[in-house]
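Have a look at run.cif below; it lists mmCIF, C-alpha atoms.
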data_model
loop_
_atom_site.label_atom_id
_atom_site.label_comp_id
_atom_site.auth_asym_id
_atom_site.auth_seq_id
_atom_site.Cartn_x
_atom_site.Cartn_y
_atom_site.Cartn_z
CA MET D 1 11.13 -17.35 -46.95
CA LYS D 2 13.53 -17.93 -44.04
CA LYS D 3 13.76 -14.15 -43.52
CA ILE D 4 9.97 -13.84 -43.32
CA ILE D 5 9.70 -16.64 -40.74
CA LEU D 6 12.59 -15.20 -38.70
CA SER D 7 10.99 -11.73 -38.81
CA ALA D 8 7.65 -13.15 -37.68
CA ILE D 9 9.27 -15.00 -34.75
CA LEU D 10 11.24 -11.92 -33.64
CA SER D 11 8.13 -9.77 -33.91
CA PHE D 12 6.17 -12.22 -31.74
CA LEU D 13 8.94 -12.46 -29.11
CA THR D 14 9.27 -8.67 -28.92
CA THR D 15 5.52 -8.29 -28.43
CA VAL D 16 5.45 -10.93 -25.67
CA SER D 17 8.49 -9.49 -23.89
CA PHE D 18 7.04 -5.99 -23.62
CA ALA D 19 3.39 -6.81 -22.95
CA GLU D 20 1.98 -4.91 -19.96
CA THR D 21 0.00 -6.55 -17.22
CA SER D 22 -2.63 -4.57 -15.39
CA GLY D 23 -5.03 -5.36 -12.61
CA LYS D 24 -7.23 -4.09 -9.84
CA PHE D 25 -7.23 -4.95 -6.17
CA ASP D 26 -9.55 -4.64 -3.18
CA ALA D 27 -7.70 -5.83 -0.08
CA SER D 28 -8.44 -5.59 3.62
CA GLY D 29 -6.85 -6.71 6.86
CA MET D 30 -5.75 -5.78 10.37
CA GLY D 31 -2.52 -4.45 11.76
CA SER D 32 -0.66 -2.98 14.71
CA TRP D 33 1.60 0.06 14.65
CA GLU D 34 4.20 1.01 17.26
CA MET D 35 3.87 4.74 17.95
CA ASN D 36 6.04 7.61 19.16
CA ILE D 37 3.87 10.42 20.51
CA MET D 38 4.54 13.99 21.53
CA ASN D 39 1.39 15.13 23.36
CA ALA D 40 0.82 18.87 23.88
CA GLY D 41 -2.69 18.36 25.29
CA ASN D 42 -6.10 19.41 23.96
CA GLY D 43 -5.86 16.97 21.06
CA ASN D 44 -2.59 18.44 19.80
CA MET D 45 -0.01 15.73 19.06
CA ALA D 46 2.80 14.71 16.76
CA ILE D 47 2.80 10.98 16.00
CA THR D 48 5.18 8.73 14.09
CA TYR D 49 4.53 5.02 13.61
CA ASP D 50 6.00 1.82 12.23
CA GLY D 51 3.91 -1.32 11.94
CA ASN D 52 2.62 -4.31 10.05
CA ALA D 53 -0.65 -5.66 8.71
CA GLY D 54 -1.81 -8.78 6.92
CA LEU D 55 -4.11 -8.39 3.91
CA ALA D 56 -6.49 -10.57 1.94
CA ASP D 57 -7.94 -9.53 -1.41
CA LYS D 58 -11.50 -10.27 -2.54
CA ASP D 59 -9.90 -11.78 -5.65
CA PRO D 60 -7.72 -14.76 -4.66
CA ASP D 61 -5.69 -14.26 -7.89
CA SER D 62 -4.72 -10.68 -6.98
CA ILE D 63 -0.99 -10.05 -6.45
CA PHE D 64 -1.92 -8.48 -3.08
CA HIS D 65 -3.91 -11.51 -1.80
CA LYS D 66 -2.36 -12.91 1.40
CA SER D 67 0.30 -10.20 1.44
CA THR D 68 1.72 -8.39 4.43
CA MET D 69 2.66 -4.74 4.59
CA ASN D 70 5.07 -2.73 6.69
CA CYS D 71 4.33 1.00 6.88
CA VAL D 72 6.31 3.90 8.34
CA GLY D 73 4.63 7.29 8.59
CA GLY D 74 3.54 10.21 10.66
CA LEU D 75 0.94 12.89 11.25
CA THR D 76 0.23 15.97 13.35
CA LEU D 77 -3.06 16.35 15.23
CA THR D 78 -4.57 19.77 15.83
CA ALA D 79 -7.62 19.68 18.12
CA GLY D 80 -7.90 15.94 17.41
CA LYS D 81 -7.87 16.18 13.58
CA PHE D 82 -5.10 15.60 11.04
CA GLU D 83 -4.74 16.51 7.38
CA ASP D 84 -1.04 15.85 6.90
CA GLU D 85 -0.51 12.09 7.25
CA THR D 86 2.28 10.82 4.99
CA GLY D 87 4.19 7.61 4.78
CA MET D 88 5.46 4.68 2.78
CA CYS D 89 4.58 0.98 2.80
CA THR D 90 6.34 -2.13 1.56
CA PHE D 91 4.05 -4.99 0.54
CA TYR D 92 5.57 -8.45 0.88
CA LEU D 93 3.85 -10.59 -1.76
CA THR D 94 3.38 -14.36 -1.67
CA ASP D 95 5.72 -14.83 -4.65
CA GLY D 96 8.60 -13.29 -2.64
CA GLU D 97 8.59 -9.95 -4.45
CA LYS D 98 7.86 -6.50 -2.98
CA VAL D 99 5.73 -3.51 -4.02
CA TYR D 100 6.16 0.01 -2.59
CA ILE D 101 3.59 2.77 -2.09
CA ASN D 102 3.60 6.36 -0.87
CA TYR D 103 0.43 7.68 0.78
CA LYS D 104 -1.22 10.83 2.11
CA GLY D 105 -4.27 11.02 4.33
CA LYS D 106 -6.48 12.87 6.76
CA GLY D 107 -8.81 11.91 9.59
CA THR D 108 -9.57 12.03 13.31
CA GLY D 109 -7.22 10.85 16.04
CA GLY D 110 -8.31 7.60 17.70
CA VAL D 111 -11.05 7.05 15.10
CA GLY D 112 -9.46 6.53 11.69
CA GLY D 113 -8.53 8.14 8.43
CA SER D 114 -8.46 7.83 4.67
CA GLY D 115 -6.42 8.99 1.72
CA ASP D 116 -4.83 8.31 -1.61
CA PHE D 117 -1.71 6.35 -2.47
CA LEU D 118 0.65 5.90 -5.40
CA ILE D 119 2.38 2.64 -6.27
CA VAL D 120 5.96 3.78 -6.85
CA GLY D 121 7.87 0.59 -7.65
CA GLY D 122 8.76 -2.93 -6.68
CA THR D 123 11.28 -5.72 -7.01
CA GLY D 124 11.82 -8.40 -9.63
CA LYS D 125 8.96 -8.63 -12.11
CA TYR D 126 7.27 -5.69 -10.32
CA GLU D 127 10.29 -3.38 -10.70
CA ASN D 128 8.35 -1.06 -13.03
CA ILE D 129 4.93 -1.36 -11.40
CA SER D 130 2.89 1.82 -11.11
CA GLY D 131 -0.63 2.60 -10.02
CA LYS D 132 -2.84 4.41 -7.59
CA GLY D 133 -5.64 3.84 -5.16
CA PHE D 134 -7.60 4.77 -2.07
CA SER D 135 -7.15 3.51 1.48
CA SER D 136 -9.03 3.85 4.74
CA ARG D 137 -8.70 2.57 8.28
CA GLN D 138 -10.77 2.30 11.41
CA ASN D 139 -8.90 2.35 14.69
CA LEU D 140 -9.46 -0.46 17.21
CA LYS D 141 -8.83 -0.63 20.96
CA GLY D 142 -5.70 -2.48 21.99
CA LYS D 143 -2.41 -2.48 23.88
CA SER D 144 -1.18 0.95 24.96
CA GLY D 145 1.66 2.41 22.87
CA PHE D 146 0.36 0.78 19.70
CA ALA D 147 -2.33 1.74 17.22
CA HIS D 148 -4.51 -1.14 16.04
CA SER D 149 -6.62 -0.84 12.91
CA MET D 150 -8.75 -2.47 10.25
CA ASN D 151 -7.41 -1.38 6.84
CA GLN D 152 -9.00 -1.32 3.39
CA MET D 153 -7.10 -0.61 0.16
CA SER D 154 -8.36 -0.58 -3.41
CA GLY D 155 -6.85 0.55 -6.67
CA SER D 156 -5.29 -0.41 -9.96
CA TYR D 157 -1.79 -1.15 -11.23
CA THR D 158 0.24 -1.75 -14.38
CA PHE D 159 3.61 -3.43 -14.80
#
As structure tokens, the full file:
Amino acid sequence: MKKIILSAILSFLTTVSFAETSGKFDASGMGSWEMNIMNAGNGNMAITYDGNAGLADKDPDSIFHKSTMNCVGGLTLTAGKFEDETGMCTFYLTDGEKVYINYKGKGTGGVGGSGDFLIVGGTGKYENISGKGFSSRQNLKGKSGFAHSMNQMSGSYTF
């Protein structure tokens, strides 16, 4: 009888320890990005950027609600359009942990862009997080040398 009880307890603990958590998110916010620009004229430019944004999720229980993100990336404009934006973001979550994404996008210089992203990892309890989603941004007017934008991100994750 003791063996049966012990087996049941171990089975329960193993199931709890390896249970996956999944969720969806739909976050938005605003940010500013310091830019380095090489301008060849006629809408032809190479741009790299590094900046931050604050995000709020429609669901206050989302892991991304009230997070901030730091993104580093770049793109090349040809006649004012880009199809090669790539970069990586670190999300700083309210519980002190981090989540990392890689993204790719396309759009129009000075207007905005959109693309897909992959959640590639995190820290602590999010070390094995994975997922994917879609993001978009609309550029805003602001201080010269910086890009300012409204950002929307939605997707799903598992950890």
Task: All residues 12 Å or closer to D:Gly29, only C-alpha atoms, same chain fewer than 2 positions away omitted, as a PyMOL selection string - done: chain D and resi 26-27+31-32+52-58+64-69+135-138+148-153
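Here atom CA of D:Gly73 stands at a distance of 8.6 Å from atom CA of D:Cys89.
You will find atom CA of D:Gly121 at 8.5 Å from atom CA of D:Lys98.
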To test the calculation: enclose all listed atoms of stretch 53-72 of chain D in a box whose edges run along x, y and z, add 4 Å on each side, then state centre and edge lengths in Å to one decimal, as JSON.
{"center_x": -2.6, "center_y": -5.4, "center_z": 0.4, "size_x": 25.8, "size_y": 26.7, "size_z": 24.6}
TODO: For the file shown, report as a list in words the outcome of the PyMOL selection byres ((chain D and resi 146) around 8) at residue level.
DONE: Ser32, Trp33, Glu34, Met35, Gly142, Lys143, Ser144, Gly145, Ala147 and His148 of chain D
Task: Who sits within 7 Å of D:Phe25, all atoms listed in the file, same chain under 5 positions skipped, as a PyMOL selection string - done: chain D and resi 57+62+154-156
TODO: Work out how far atom CA of D:Ile63 is from atom CA of D:Val111, in Å to one decimal.
DONE: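 Between atom CA of D:Val111 and atom CA of D:Ile63 the gap is 29.3 Å.
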Open item on the list: For D:Lys132, find every residue with an atom within 12 Å (counting all atoms listed in the file), except residues of its own chain fewer than 2 positions away, and show them as an MDAnalysis selection string.
Closed with: chainID D and resid 22:25 100:104 115:121 129:130 134:135 153:158
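Listed by chain and then by number, the residues chosen by the PyMOL selection byres ((chain D and resi 48) around 9) in this file are Glu34, Met35, Asn36, Ile37, Ala46, Ile47, Tyr49, Asp50, Val72, Gly73, Gly74, Leu75 and Thr76 of chain D.
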Open item on the list: I'd like to know which of D:Glu97, D:Asp59, D:Gly110, D:Glu127 is closest to D:Phe82, using all atoms listed in the file.
Closed with: D:Gly110
Open item on the list: When you count all atoms listed in the file, which of these residues is closest to D:Thr123: D:Thr90, D:Ser28, D:Asn70, D:Thr108?
Closed with: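 Residue with the minimum atom-to-atom distance to D:Thr123: D:Thr90.
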Determine, counting all atoms listed in the file, every residue of protein, DNA or RNA that lies within 12 Å of (-11.2, 20.4, 18.7) in the file coordinates, then give the result as a JSON list (two decimals) with C-alpha atoms, in the frame of the given file.
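Output saved as selection_5.json:
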[["chain", "number", "residue", "atom", "x", "y", "z"],
["D", 41, "GLY", "CA", -2.69, 18.36, 25.29],
["D", 42, "ASN", "CA", -6.10, 19.41, 23.96],
["D", 43, "GLY", "CA", -5.86, 16.97, 21.06],
["D", 44, "ASN", "CA", -2.59, 18.44, 19.80],
["D", 77, "LEU", "CA", -3.06, 16.35, 15.23],
["D", 78, "THR", "CA", -4.57, 19.77, 15.83],
["D", 79, "ALA", "CA", -7.62, 19.68, 18.12],
["D", 80, "GLY", "CA", -7.90, 15.94, 17.41],
["D", 81, "LYS", "CA", -7.87, 16.18, 13.58],
["D", 82, "PHE", "CA", -5.10, 15.60, 11.04],
["D", 108, "THR", "CA", -9.57, 12.03, 13.31],
["D", 109, "GLY", "CA", -7.22, 10.85, 16.04]]
